[in-house]
Each structure stands twice: as structure tokens, then as C-alpha cells.
>>> print(open('protein_12.pdb').read())   # PDB, C-alpha atoms and all ligand atoms
ATOM      1  CA  MET A   1     -11.088   4.116  -1.163
ATOM      2  CA  VAL A   2      -7.383   4.181  -0.366
ATOM      3  CA  THR A   3      -5.642   6.716   1.881
ATOM      4  CA  GLY A   4      -2.015   7.491   1.082
ATOM      5  CA  ALA A   5      -2.814   6.848  -2.581
ATOM      6  CA  SER A   6      -0.214   9.114  -4.170
ATOM      7  CA  ARG A   7       2.842   6.883  -3.626
ATOM      8  CA  GLY A   8       4.175   3.535  -2.508
ATOM      9  CA  ILE A   9       1.834   0.876  -1.159
ATOM     10  CA  GLY A  10      -1.251   3.085  -1.555
ATOM     11  CA  ARG A  11      -0.514   3.715  -5.230
ATOM     12  CA  ALA A  12       0.044  -0.020  -5.802
ATOM     13  CA  LEU A  13      -3.282  -0.750  -4.085
ATOM     14  CA  CYS A  14      -5.079   1.761  -6.333
ATOM     15  CA  GLU A  15      -3.552   0.080  -9.395
ATOM     16  CA  ALA A  16      -4.626  -3.347  -8.142
ATOM     17  CA  PHE A  17      -8.197  -2.243  -7.351
ATOM     18  CA  ALA A  18      -8.568  -0.418 -10.661
ATOM     19  CA  GLY A  19      -7.190  -3.487 -12.437
ATOM     20  CA  ARG A  20     -10.249  -5.365 -11.107
ATOM     21  CA  GLY A  21     -12.675  -2.737 -12.459
ATOM     22  CA  ALA A  22     -13.277  -0.903  -9.173
ATOM     23  CA  THR A  23     -14.021   2.808  -8.895
ATOM     24  CA  VAL A  24     -11.186   4.053  -6.704
ATOM     25  CA  GLY A  25     -11.254   7.009  -4.324
ATOM     26  CA  LEU A  26      -7.687   8.307  -4.105
ATOM     27  CA  VAL A  27      -6.917  10.133  -0.873
ATOM     28  CA  SER A  28      -3.747  12.059   0.010
ATOM     29  CA  ARG A  29      -2.551  15.651   0.326
ATOM     30  CA  SER A  30      -0.872  15.870  -3.127
ATOM     31  CA  GLU A  31      -3.500  16.749  -5.704
ATOM     32  CA  GLU A  32      -1.158  16.706  -8.703
ATOM     33  CA  GLU A  33       0.243  13.267  -7.928
ATOM     34  CA  LEU A  34      -3.268  11.904  -7.420
ATOM     35  CA  ARG A  35      -4.422  13.374 -10.745
ATOM     36  CA  ALA A  36      -1.453  11.904 -12.577
ATOM     37  CA  LEU A  37      -2.199   8.496 -11.079
ATOM     38  CA  ALA A  38      -5.963   8.639 -11.699
ATOM     39  CA  VAL A  39      -5.518   9.216 -15.448
ATOM     40  CA  ARG A  40      -3.134   6.255 -15.679
ATOM     41  CA  LEU A  41      -5.514   3.825 -13.937
ATOM     42  CA  PRO A  42      -7.751   1.543 -16.012
ATOM     43  CA  ALA A  43     -11.276   3.007 -16.171
ATOM     44  CA  PRO A  44     -13.815   1.519 -13.750
ATOM     45  CA  SER A  45     -16.230  -1.067 -15.115
ATOM     46  CA  GLU A  46     -19.173   1.162 -14.098
ATOM     47  CA  GLY A  47     -19.694   4.741 -12.885
ATOM     48  CA  SER A  48     -18.111   7.950 -14.089
ATOM     49  CA  GLY A  49     -14.476   7.496 -13.083
ATOM     50  CA  HIS A  50     -12.020   7.430 -10.224
ATOM     51  CA  GLU A  51     -12.223  10.218  -7.653
ATOM     52  CA  ILE A  52      -9.464  12.475  -6.386
ATOM     53  CA  LEU A  53     -10.089  13.267  -2.738
ATOM     54  CA  VAL A  54      -7.462  15.670  -1.414
ATOM     55  CA  ALA A  55      -7.346  15.384   2.367
ATOM     56  CA  ASP A  56      -4.990  15.270   5.304
ATOM     57  CA  VAL A  57      -5.902  12.114   7.230
ATOM     58  CA  GLY A  58      -4.694  13.801  10.398
ATOM     59  CA  ASP A  59      -7.591  16.236  10.097
ATOM     60  CA  ARG A  60     -10.846  14.546  11.083
ATOM     61  CA  ASP A  61     -13.067  16.998   9.171
ATOM     62  CA  GLU A  62     -11.083  16.626   5.939
ATOM     63  CA  VAL A  63     -11.280  12.824   6.111
ATOM     64  CA  ALA A  64     -14.999  12.845   6.876
ATOM     65  CA  ALA A  65     -15.607  15.274   3.978
ATOM     66  CA  ALA A  66     -13.607  13.074   1.578
ATOM     67  CA  ILE A  67     -15.601   9.973   2.514
ATOM     68  CA  ASP A  68     -18.817  11.952   2.205
ATOM     69  CA  ARG A  69     -17.834  13.145  -1.283
ATOM     70  CA  PHE A  70     -17.029   9.612  -2.414
ATOM     71  CA  GLY A  71     -20.397   8.212  -1.305
ATOM     72  CA  GLU A  72     -20.827   4.478  -0.813
ATOM     73  CA  VAL A  73     -17.511   2.893   0.073
ATOM     74  CA  ASP A  74     -17.287  -0.899  -0.247
ATOM     75  CA  VAL A  75     -13.651  -1.149   0.837
ATOM     76  CA  VAL A  76     -11.678   1.442   2.757
ATOM     77  CA  VAL A  77      -7.926   1.059   3.200
ATOM     78  CA  ALA A  78      -6.376   3.108   6.011
ATOM     79  CA  ASN A  79      -2.882   3.137   4.570
ATOM     80  CA  ALA A  80      -1.519   6.710   4.783
ATOM     81  CA  GLY A  81       1.541   6.806   6.979
ATOM     82  CA  VAL A  82       4.808   8.544   7.803
ATOM     83  CA  ALA A  83       7.987   7.330   9.493
ATOM     84  CA  ASP A  84      10.819   8.990  11.363
ATOM     85  CA  TYR A  85      13.505   6.719  12.724
ATOM     86  CA  ALA A  86      15.890   7.953  15.433
ATOM     87  CA  PRO A  87      16.849   7.046  18.976
ATOM     88  CA  PHE A  88      13.976   8.232  21.166
ATOM     89  CA  LYS A  89      16.336  10.170  23.440
ATOM     90  CA  ASP A  90      17.345  12.332  20.450
ATOM     91  CA  MET A  91      13.872  12.952  19.081
ATOM     92  CA  ASP A  92      11.874  16.147  19.282
ATOM     93  CA  LEU A  93       8.191  15.758  20.041
ATOM     94  CA  GLU A  94       7.099  17.194  16.677
ATOM     95  CA  PRO A  95       7.827  14.079  14.523
ATOM     96  CA  ILE A  96       6.347  11.871  17.226
ATOM     97  CA  GLU A  97       3.155  13.913  17.245
ATOM     98  CA  ARG A  98       3.078  13.820  13.434
ATOM     99  CA  MET A  99       3.381  10.014  13.319
ATOM    100  CA  THR A 100       0.693   9.719  15.998
ATOM    101  CA  ARG A 101      -1.613  12.060  14.090
ATOM    102  CA  VAL A 102      -1.169  10.503  10.651
ATOM    103  CA  ASN A 103      -0.588   6.798  11.404
ATOM    104  CA  TRP A 104      -2.822   6.292  14.410
ATOM    105  CA  LEU A 105      -5.422   9.079  14.489
ATOM    106  CA  GLY A 106      -5.569   9.052  10.676
ATOM    107  CA  THR A 107      -6.673   5.414  10.880
ATOM    108  CA  VAL A 108      -9.246   6.205  13.571
ATOM    109  CA  TYR A 109     -10.665   9.168  11.600
ATOM    110  CA  THR A 110     -10.855   7.130   8.389
ATOM    111  CA  VAL A 111     -12.613   4.160   9.971
ATOM    112  CA  HIS A 112     -14.856   6.386  12.081
ATOM    113  CA  ALA A 113     -16.076   8.207   8.982
ATOM    114  CA  ALA A 114     -16.499   5.133   6.752
ATOM    115  CA  LEU A 115     -18.028   2.685   9.217
ATOM    116  CA  PRO A 116     -21.567   4.112   9.757
ATOM    117  CA  GLY A 117     -22.412   3.831   6.033
ATOM    118  CA  MET A 118     -21.069   0.280   5.930
ATOM    119  CA  LEU A 119     -23.107  -0.716   8.990
ATOM    120  CA  GLU A 120     -26.198   0.811   7.439
ATOM    121  CA  ARG A 121     -25.659  -1.092   4.181
ATOM    122  CA  LEU A 122     -24.763  -4.257   6.143
ATOM    123  CA  ARG A 123     -21.594  -4.698   4.113
ATOM    124  CA  GLY A 124     -18.111  -3.349   3.764
ATOM    125  CA  HIS A 125     -14.463  -4.177   4.300
ATOM    126  CA  LEU A 126     -12.012  -2.240   6.462
ATOM    127  CA  VAL A 127      -8.316  -2.707   5.744
ATOM    128  CA  VAL A 128      -5.747  -1.317   8.169
ATOM    129  CA  VAL A 129      -2.145  -1.143   6.972
ATOM    130  CA  SER A 130      -0.082  -1.606  10.115
ATOM    131  CA  SER A 131       3.493  -2.956  10.046
ATOM    132  CA  GLY A 132       5.770  -5.777  11.130
ATOM    133  CA  ALA A 133       6.914  -3.156  13.655
ATOM    134  CA  ALA A 134       3.550  -3.670  15.403
ATOM    135  CA  LEU A 135       4.536  -7.263  16.113
ATOM    136  CA  ARG A 136       8.085  -6.571  17.325
ATOM    137  CA  SER A 137       9.085  -2.953  17.753
ATOM    138  CA  PHE A 138      12.631  -2.059  16.720
ATOM    139  CA  PRO A 139      15.349   0.181  18.178
ATOM    140  CA  GLN A 140      15.158   3.697  16.682
ATOM    141  CA  ALA A 141      11.519   3.092  15.810
ATOM    142  CA  ALA A 142       9.988   3.320  19.275
ATOM    143  CA  ALA A 143       7.464   6.002  18.344
ATOM    144  CA  TYR A 144       6.756   4.648  14.847
ATOM    145  CA  GLY A 145       6.342   1.106  16.205
ATOM    146  CA  ALA A 146       3.964   2.388  18.865
ATOM    147  CA  THR A 147       1.681   3.989  16.250
ATOM    148  CA  LYS A 148       1.672   0.742  14.273
ATOM    149  CA  ALA A 149       0.923  -1.301  17.420
ATOM    150  CA  ALA A 150      -1.982   1.058  18.134
ATOM    151  CA  GLN A 151      -3.418   0.249  14.710
ATOM    152  CA  ARG A 152      -3.006  -3.451  15.416
ATOM    153  CA  GLY A 153      -4.836  -3.283  18.748
ATOM    154  CA  PHE A 154      -7.592  -1.214  17.172
ATOM    155  CA  ALA A 155      -8.135  -3.491  14.171
ATOM    156  CA  GLU A 156      -7.894  -6.724  16.173
ATOM    157  CA  ALA A 157     -10.685  -5.530  18.475
ATOM    158  CA  LEU A 158     -12.812  -4.382  15.522
ATOM    159  CA  TRP A 159     -12.403  -7.765  13.845
ATOM    160  CA  HIS A 160     -14.323  -9.295  16.760
ATOM    161  CA  GLU A 161     -16.540  -6.333  17.552
ATOM    162  CA  LEU A 162     -17.994  -6.170  14.031
ATOM    163  CA  ALA A 163     -18.831  -9.890  13.867
ATOM    164  CA  GLY A 164     -22.278 -10.389  12.362
ATOM    165  CA  THR A 165     -22.569  -6.827  11.039
ATOM    166  CA  GLY A 166     -21.539  -7.628   7.456
ATOM    167  CA  VAL A 167     -18.422  -5.472   7.888
ATOM    168  CA  ASP A 168     -15.127  -7.362   7.664
ATOM    169  CA  VAL A 169     -11.652  -6.368   8.774
ATOM    170  CA  THR A 170      -8.202  -7.246   7.426
ATOM    171  CA  ILE A 171      -4.975  -6.123   9.097
ATOM    172  CA  VAL A 172      -1.881  -5.840   6.918
ATOM    173  CA  TYR A 173       1.597  -6.309   8.373
ATOM    174  CA  PRO A 174       4.137  -5.300   5.724
ATOM    175  CA  GLY A 175       7.811  -5.951   6.284
ATOM    176  CA  GLU A 176      10.305  -3.843   4.353
ATOM    177  CA  ILE A 177       8.685  -2.680   1.130
ATOM    178  CA  ALA A 178      10.337  -0.621  -1.616
ATOM    179  CA  THR A 179       8.643   2.789  -1.289
ATOM    180  CA  GLU A 180       9.663   6.346  -0.461
ATOM    181  CA  ILE A 181       8.703   6.224   3.194
ATOM    182  CA  HIS A 182      12.336   6.584   4.329
ATOM    183  CA  ALA A 183      13.522   8.773   1.425
ATOM    184  CA  HIS A 184      14.072  11.741   3.779
ATOM    185  CA  GLU A 185      16.267   9.713   6.129
ATOM    186  CA  HIS A 186      18.132   7.211   3.951
ATOM    187  CA  ASP A 187      21.487   8.342   5.334
ATOM    188  CA  SER A 188      20.495   7.980   8.969
ATOM    189  CA  LEU A 189      18.590   4.686   8.939
ATOM    190  CA  PRO A 190      19.655   2.129  11.547
ATOM    191  CA  THR A 191      21.837  -0.595  10.026
ATOM    192  CA  TRP A 192      19.247  -3.330  10.700
ATOM    193  CA  ARG A 193      16.865  -1.545   8.243
ATOM    194  CA  THR A 194      18.169  -2.877   4.942
ATOM    195  CA  ILE A 195      17.061  -1.202   1.745
ATOM    196  CA  ALA A 196      18.616  -3.983  -0.359
ATOM    197  CA  GLU A 197      16.052  -6.578   0.696
ATOM    198  CA  GLU A 198      12.923  -4.497   0.213
ATOM    199  CA  ALA A 199       9.911  -6.322  -1.246
ATOM    200  CA  ASP A 200       7.717  -5.147  -4.097
ATOM    201  CA  ALA A 201       4.674  -2.962  -3.295
ATOM    202  CA  GLY A 202       2.736  -4.381  -6.270
ATOM    203  CA  GLN A 203       3.018  -7.920  -4.929
ATOM    204  CA  LEU A 204       1.886  -6.789  -1.501
ATOM    205  CA  ALA A 205      -1.100  -5.007  -3.068
ATOM    206  CA  ARG A 206      -2.120  -8.137  -4.960
ATOM    207  CA  ARG A 207      -1.836 -10.145  -1.722
ATOM    208  CA  VAL A 208      -4.113  -7.625   0.017
ATOM    209  CA  LEU A 209      -6.753  -7.884  -2.718
ATOM    210  CA  THR A 210      -6.791 -11.665  -2.429
ATOM    211  CA  ALA A 211      -7.123 -11.318   1.347
ATOM    212  CA  ILE A 212     -10.151  -9.058   0.898
ATOM    213  CA  GLU A 213     -11.735 -11.478  -1.556
ATOM    214  CA  VAL A 214     -11.376 -14.486   0.738
ATOM    215  CA  ASN A 215     -11.871 -12.411   3.892
ATOM    216  CA  GLU A 216      -8.538 -13.114   5.581
ATOM    217  CA  ARG A 217      -7.984 -11.703   9.039
ATOM    218  CA  ALA A 218      -4.360 -10.715   8.447
ATOM    219  CA  VAL A 219      -1.751 -10.377   5.721
ATOM    220  CA  TYR A 220       1.943 -10.844   6.516
ATOM    221  CA  TYR A 221       4.182  -9.823   3.638
ATOM    222  CA  PRO A 222       6.865 -10.874   2.972
ATOM    223  CA  PRO A 223       6.332 -14.191   4.836
ATOM    224  CA  PHE A 224       9.335 -13.411   7.090
ATOM    225  CA  VAL A 225       6.972 -11.110   9.026
ATOM    226  CA  GLN A 226       4.816 -14.047  10.118
ATOM    227  CA  ALA A 227       7.920 -15.898  11.317
ATOM    228  CA  LEU A 228       8.873 -12.783  13.294
ATOM    229  CA  ARG A 229       5.425 -12.715  14.887
ATOM    230  CA  GLY A 230       5.661 -16.404  15.816
ATOM    231  CA  ALA A 231       9.173 -16.093  17.248
ATOM    232  CA  HIS A 232       8.434 -12.959  19.271
ATOM    233  CA  GLY A 233       5.128 -14.413  20.523
ATOM    234  CA  LEU A 234       6.908 -17.556  21.678
ATOM    235  CA  SER A 235       9.729 -15.663  23.363
ATOM    236  CA  PRO A 236      11.207 -12.198  22.680
ATOM    237  CA  ARG A 237      14.579 -13.813  23.422
ATOM    238  CA  ILE A 238      14.170 -16.142  20.418
ATOM    239  CA  ALA A 239      13.177 -13.230  18.183
ATOM    240  CA  ASP A 240      16.191 -11.218  19.397
ATOM    241  CA  PHE A 241      18.519 -14.137  18.701
ATOM    242  CA  ALA A 242      17.147 -14.620  15.177
ATOM    243  CA  LEU A 243      17.232 -10.879  14.423
ATOM    244  CA  ARG A 244      20.850 -10.581  15.602
ATOM    245  CA  ARG A 245      21.786 -13.398  13.231
ATOM    246  CA  LEU A 246      19.864 -11.937  10.326
ATOM    247  CA  ARG A 247      20.205  -8.171  10.828
ATOM    248  CA  GLY A 248      23.131  -7.684  13.188
ATOM    249  CA  ILE A 249      23.484  -6.429  16.704
ATOM    250  CA  THR A 250      21.652  -3.117  16.121
ATOM    251  CA  ALA A 251      18.368  -5.036  15.749
ATOM    252  CA  ALA A 252      18.586  -6.324  19.337
ATOM    253  CA  PRO A 253      21.491  -4.733  21.218
ATOM    254  CA  ARG A 254      20.432  -5.626  24.776
ATOM    255  CA  ARG A 255      20.772  -9.247  25.879
ATOM    256  CA  SER A 256      18.250 -10.694  28.324
ATOM    257  CA  PRO A 257      19.912 -11.576  31.652
TER
HETATM  258  N1  LIG B   1       7.427   0.840   3.117
HETATM  259  C1  LIG B   1       7.594   0.029   4.147
HETATM  260  O1  LIG B   1       8.645  -0.609   4.300
HETATM  261  C2  LIG B   1       6.474  -0.166   5.144
HETATM  262  C3  LIG B   1       6.604  -1.186   6.080
HETATM  263  C4  LIG B   1       5.592  -1.391   7.003
HETATM  264  C5  LIG B   1       4.455  -0.605   6.985
HETATM  265  N2  LIG B   1       4.352   0.400   6.069
HETATM  266  C6  LIG B   1       3.146   1.240   6.121
HETATM  267  O2  LIG B   1       2.563   1.311   4.837
HETATM  268  C7  LIG B   1       1.858   2.539   4.700
HETATM  269  C8  LIG B   1       2.238   3.213   3.396
HETATM  270  O3  LIG B   1       3.605   3.539   3.436
HETATM  271  P1  LIG B   1       4.529   3.635   2.142
HETATM  272  O4  LIG B   1       5.728   2.840   2.433
HETATM  273  O5  LIG B   1       3.743   3.377   0.935
HETATM  274  O6  LIG B   1       4.966   5.176   2.253
HETATM  275  P2  LIG B   1       5.148   6.327   1.141
HETATM  276  O7  LIG B   1       5.664   5.780  -0.130
HETATM  277  O8  LIG B   1       5.920   7.409   1.816
HETATM  278  O9  LIG B   1       3.643   6.817   0.921
HETATM  279  C9  LIG B   1       2.941   7.377   1.991
HETATM  280  C10 LIG B   1       1.580   7.850   1.511
HETATM  281  O10 LIG B   1       0.880   8.412   2.641
HETATM  282  C11 LIG B   1       0.408   9.706   2.266
HETATM  283  N3  LIG B   1       0.338  10.578   3.424
HETATM  284  C12 LIG B   1       1.336  10.934   4.272
HETATM  285  N4  LIG B   1       0.876  11.801   5.181
HETATM  286  C13 LIG B   1      -0.441  11.995   4.898
HETATM  287  C14 LIG B   1      -1.470  12.767   5.477
HETATM  288  N5  LIG B   1      -1.236  13.545   6.538
HETATM  289  N6  LIG B   1      -2.696  12.734   4.917
HETATM  290  C15 LIG B   1      -2.949  11.984   3.829
HETATM  291  N7  LIG B   1      -2.019  11.207   3.243
HETATM  292  C16 LIG B   1      -0.787  11.209   3.775
HETATM  293  C17 LIG B   1       1.402  10.197   1.218
HETATM  294  O11 LIG B   1       0.784  11.160   0.371
HETATM  295  P3  LIG B   1       0.948  12.753   0.456
HETATM  296  O12 LIG B   1       2.341  13.048   0.900
HETATM  297  O13 LIG B   1       0.627  13.139  -0.931
HETATM  298  O14 LIG B   1      -0.095  13.198   1.422
HETATM  299  C18 LIG B   1       1.688   8.935   0.455
HETATM  300  O15 LIG B   1       0.700   8.727  -0.516
HETATM  301  C19 LIG B   1       2.215   3.360   5.955
HETATM  302  O16 LIG B   1       1.155   3.277   6.882
HETATM  303  C20 LIG B   1       3.440   2.676   6.489
HETATM  304  O17 LIG B   1       3.582   2.836   7.888
HETATM  305  C21 LIG B   1       5.328   0.640   5.149
END
>>> encode(input="protein_12.pdb", output="C-alpha cells", more="lines below")
Ligand SMILES: NC(=O)c1ccc[n+]([C@@H]2O[C@H](COP(=O)([O-])OP(=O)(O)OC[C@H]3O[C@@H](n4cnc5c(N)ncnc54)[C@H](OP(=O)(O)O)[C@@H]3O)[C@@H](O)[C@H]2O)c1
Amino acid sequence: MVTGASRGIGRALCEAFAGRGATVGLVSRSEEELRALAVRLPAPSEGSGHEILVADVGDRDEVAAAIDRFGEVDVVVANAGVADYAPFKDMDLEPIERMTRVNWLGTVYTVHAALPGMLERLRGHLVVVSSGAALRSFPQAAAYGATKAAQRGFAEALWHELAGTGVDVTIVYPGEIATEIHAHEHDSLPTWRTIAEEADAGQLARRVLTAIEVNERAVYYPPFVQALRGAHGLSPRIADFALRRLRGITAAPRRSP
């Protein structure tokens, strides 16, 4: 089951899962887009077909009902997400609340609804799609980065907490991936956020499937994201220096004294 299935990374994940013969539960708010995708997917190797599960992940009852309708979920991917980039001082609270509801609470509602069945069956795999922004938050993405860091903290704790239950956890840290997440704000994106270097969602999806199969704790894609994590973990100053060289001054405008 994949949330945010209608576009971008979620759609690529559905294609990858269906390519392996899985029955996919496609969750998002856009019924037509989900239907169009479901008929294009390869048929599952068993069962009656893929399932369209229209739900807003920011609504706990809708998510719980979708998971209920689907039945036994082997793998759930909390992927649905929205982004609004702007200097925090210029932002209204509405987009911040929306990102919190969809990115963070949407993940909590999804996992909360899927986990009891997995624990009962003694098996399952939770995948949380966070972001490189959870590892080093960027100017103009203070609120977005915070929602992604919340997912990281949540999934890292679950990875330990669920030890021995048969339920595994993988956290995904995408870098810049070619999707429509910034389509509504292309003209106002900060200059460090390059569209030209975006990576392919299909490749990320295939990486995630491999990670599930071999039970990897985390996926960093493209590999630059892991270097960012290492540099920032070592010293934020080093990460700032590298980001200024690679992405310009807007990526790290303030210099440490
Ligand atoms: N693209 C990147 O560069 C990038 C980088 C790092 C992390 N990520 C993360 O990757 C995930 C997927 O993003 P994407 O780039 O694939 O974005 P996208 O192309 O805009 O797709 C977002 C998906 O989320 C769904 N969605 C949005 N609000 C929803 C809601 N309230 N309830 C249910 N579904 C909802 C959308 O479907 P409907 O509109 O039909 O509901 C759509 O299917 C997000 O969590 C994002 O933060 C993306």
C-alpha cells in the first residue's frame, strides 16, 4: 500500500511493486488519476486486482478506513507529501499547518492504522519517505524540513522499538527528485533548489524495493544525500562550506563566527 500514489515517487513505487507481481493499494485524494494508473499497472500475480483507496492522509478516519478496506498489508509506504518553500517570516500559518497535517500527521495516521495488523500477523514492513531536508534543513524550507525531521525521529525510534516483532522499518531520504512537488512554486524556488539536477523517481523506487527485500534501515538517494548527512553530522560548518561551493550562498547564507 502506497500513499501519495497518484504522482511522482508514489506512482513510481506503485509501478515498481506491481512489476514484482504485488497487489497494490493506491492511496491519494485524486480518484481519476489513481484509476488511470491502476489500469496501466501489470496485473498482480494473485488476487483480484489493484485497489483504489481514495483518502486524505491528513484525516485519520479516512486513512484508517482505506487500510481497513485493503485488508492485510505486507508493506505500507507513508509517502504522501506536500511542500511550500518560502522564508518563514513571510509565511502564513495555513501552508505550515497543511505540511504538518499531510507530511507528519499523515505518516502517523498511516502507520498507526497499519501497524496493529502487522503485529498480529508477526510480519510487515513500514517505509517512511522523509527527505534529505530531515538531515540538514535548508533556508526557505524551515517548516517543510521540520515535518521531514519529525518523520525521521519517528521512524528511527520505531526501527528499534519494533525489534523482534517481525515488523521492519526503512526510512527513505530522497534528495532532489523529478516530480511535481514544486510545480506550484517553480518561479519562487530558492536558487539552491536546482531543478536541472533532479534524479529519476523510477530509480529511487527500485532502490526502495531492494532496500525492503534486504531489510535496509535507510535509503539515501541520490548518494549525495548520504554525504550531506555525514558532513552535517561531523560539523554543520563543513556541510555549510560544501553546500556554498555546490549550491551557492543561498544554501548557507550565515557564516559561523
Ligand atoms: N520530489 C522531491 O524532490 C522530494 C525530495 C525529498 C522528499 N520528497 C518526499 O517524497 C514524497 C512524495 O513527493 P513527490 O515529490 O512524489 O510529490 P508529488 O509528485 O507532488 O506527489 C505527491 C503525492 O502525494 C499525494 N498527496 C498530497 N496530499 C495528500 C493528502 N492530503 N492525502 C493523500 N495524498 C496526498 C498526491 O496526491 P493527490 O494530490 O492526488 O492527493 C500525490 O500523489 C513526499 O513526502 C515528499 O516530501 C520529495
>>> closest_residue(input="protein_12.pdb", among="A:Glu161, A:Glu216, A:Glu31, A:Asp56", to="Gly81 in chain A", atoms="all atoms listed in the file")
A:Asp56
>>> axis_aligned_box(input="protein_12.pdb", around="ligand LIG 1 (chain B)", padding_each_side="3 Å", output="JSON")
{"center_x": 2.8, "center_y": 6.1, "center_z": 3.5, "size_x": 17.6, "size_y": 20.9, "size_z": 14.8}
>>> residues_near_ligand(input="protein_12.pdb", ligand="ligand LIG 1 (chain B)", cutoff="8 Å", atoms="all atoms listed in the file", output="MDAnalysis selection string")
chainID A and resid 3:11 27:31 33:34 54:59 78:83 101:103 106 129:133 144 148 173:183 198 201
>>> resolve_selection(input="protein_12.pdb", expression="the PyMOL selection byres (((chain A and resi 89) around 12) and not hetatm)", output="ChimeraX atom specification")
/A:85-88,90-93,96,139-143
>>> resolve_selection(input="protein_12.pdb", expression="the PyMOL selection byres (((chain A and resi 202-215) around 7) and not hetatm)", output="ChimeraX atom specification")
/A:9,12-13,16,200-201,216-217,219,221
>>> closest_residue(input="protein_12.pdb", among="A:Gly233, A:Gly117, A:Gly124, A:Gly49", to="Arg35 in chain A", atoms="only C-alpha atoms")
A:Gly49
>>> build_atoms(input="protein_12.pdb", residues="range 92-106 of chain A", atoms="N, CA, C and O atoms", output="PDB file, keeping the file's coordinate frame")
ATOM      1  N   ASP A  92      12.784  15.093  18.848  1.00  0.00           N
ATOM      2  CA  ASP A  92      11.874  16.147  19.282  1.00  0.00           C
ATOM      3  C   ASP A  92      10.463  15.551  19.337  1.00  0.00           C
ATOM      4  O   ASP A  92      10.197  14.502  18.734  1.00  0.00           O
ATOM      5  N   LEU A  93       9.565  16.268  19.957  1.00  0.00           N
ATOM      6  CA  LEU A  93       8.191  15.758  20.041  1.00  0.00           C
ATOM      7  C   LEU A  93       7.432  15.931  18.723  1.00  0.00           C
ATOM      8  O   LEU A  93       6.488  15.190  18.447  1.00  0.00           O
ATOM      9  N   GLU A  94       7.857  16.891  17.904  1.00  0.00           N
ATOM     10  CA  GLU A  94       7.099  17.194  16.677  1.00  0.00           C
ATOM     11  C   GLU A  94       6.934  15.958  15.758  1.00  0.00           C
ATOM     12  O   GLU A  94       5.809  15.629  15.384  1.00  0.00           O
ATOM     13  N   PRO A  95       8.035  15.262  15.387  1.00  0.00           N
ATOM     14  CA  PRO A  95       7.827  14.079  14.523  1.00  0.00           C
ATOM     15  C   PRO A  95       7.024  12.974  15.202  1.00  0.00           C
ATOM     16  O   PRO A  95       6.295  12.237  14.529  1.00  0.00           O
ATOM     17  N   ILE A  96       7.122  12.897  16.513  1.00  0.00           N
ATOM     18  CA  ILE A  96       6.347  11.871  17.226  1.00  0.00           C
ATOM     19  C   ILE A  96       4.854  12.209  17.164  1.00  0.00           C
ATOM     20  O   ILE A  96       4.011  11.352  16.905  1.00  0.00           O
ATOM     21  N   GLU A  97       4.561  13.493  17.341  1.00  0.00           N
ATOM     22  CA  GLU A  97       3.155  13.913  17.245  1.00  0.00           C
ATOM     23  C   GLU A  97       2.629  13.714  15.821  1.00  0.00           C
ATOM     24  O   GLU A  97       1.483  13.322  15.612  1.00  0.00           O
ATOM     25  N   ARG A  98       3.499  13.971  14.839  1.00  0.00           N
ATOM     26  CA  ARG A  98       3.078  13.820  13.434  1.00  0.00           C
ATOM     27  C   ARG A  98       2.756  12.341  13.129  1.00  0.00           C
ATOM     28  O   ARG A  98       1.737  12.029  12.521  1.00  0.00           O
ATOM     29  N   MET A  99       3.630  11.444  13.562  1.00  0.00           N
ATOM     30  CA  MET A  99       3.381  10.014  13.319  1.00  0.00           C
ATOM     31  C   MET A  99       2.107   9.569  14.034  1.00  0.00           C
ATOM     32  O   MET A  99       1.325   8.790  13.494  1.00  0.00           O
ATOM     33  N   THR A 100       1.901  10.084  15.240  1.00  0.00           N
ATOM     34  CA  THR A 100       0.693   9.719  15.998  1.00  0.00           C
ATOM     35  C   THR A 100      -0.550  10.212  15.269  1.00  0.00           C
ATOM     36  O   THR A 100      -1.535   9.488  15.119  1.00  0.00           O
ATOM     37  N   ARG A 101      -0.455  11.458  14.768  1.00  0.00           N
ATOM     38  CA  ARG A 101      -1.613  12.060  14.090  1.00  0.00           C
ATOM     39  C   ARG A 101      -1.928  11.341  12.779  1.00  0.00           C
ATOM     40  O   ARG A 101      -3.072  10.999  12.507  1.00  0.00           O
ATOM     41  N   VAL A 102      -0.916  11.090  11.982  1.00  0.00           N
ATOM     42  CA  VAL A 102      -1.169  10.503  10.651  1.00  0.00           C
ATOM     43  C   VAL A 102      -1.430   8.991  10.765  1.00  0.00           C
ATOM     44  O   VAL A 102      -2.442   8.484  10.276  1.00  0.00           O
ATOM     45  N   ASN A 103      -0.512   8.270  11.415  1.00  0.00           N
ATOM     46  CA  ASN A 103      -0.588   6.798  11.404  1.00  0.00           C
ATOM     47  C   ASN A 103      -1.731   6.275  12.277  1.00  0.00           C
ATOM     48  O   ASN A 103      -2.472   5.388  11.864  1.00  0.00           O
ATOM     49  N   TRP A 104      -1.830   6.831  13.474  1.00  0.00           N
ATOM     50  CA  TRP A 104      -2.822   6.292  14.410  1.00  0.00           C
ATOM     51  C   TRP A 104      -4.147   7.035  14.298  1.00  0.00           C
ATOM     52  O   TRP A 104      -5.162   6.452  13.917  1.00  0.00           O
ATOM     53  N   LEU A 105      -4.146   8.355  14.555  1.00  0.00           N
ATOM     54  CA  LEU A 105      -5.422   9.079  14.489  1.00  0.00           C
ATOM     55  C   LEU A 105      -5.982   9.087  13.074  1.00  0.00           C
ATOM     56  O   LEU A 105      -7.195   9.032  12.882  1.00  0.00           O
ATOM     57  N   GLY A 106      -5.109   9.113  12.071  1.00  0.00           N
ATOM     58  CA  GLY A 106      -5.569   9.052  10.676  1.00  0.00           C
ATOM     59  C   GLY A 106      -6.372   7.786  10.425  1.00  0.00           C
ATOM     60  O   GLY A 106      -7.393   7.806   9.725  1.00  0.00           O
TER      61      GLY A 106
END
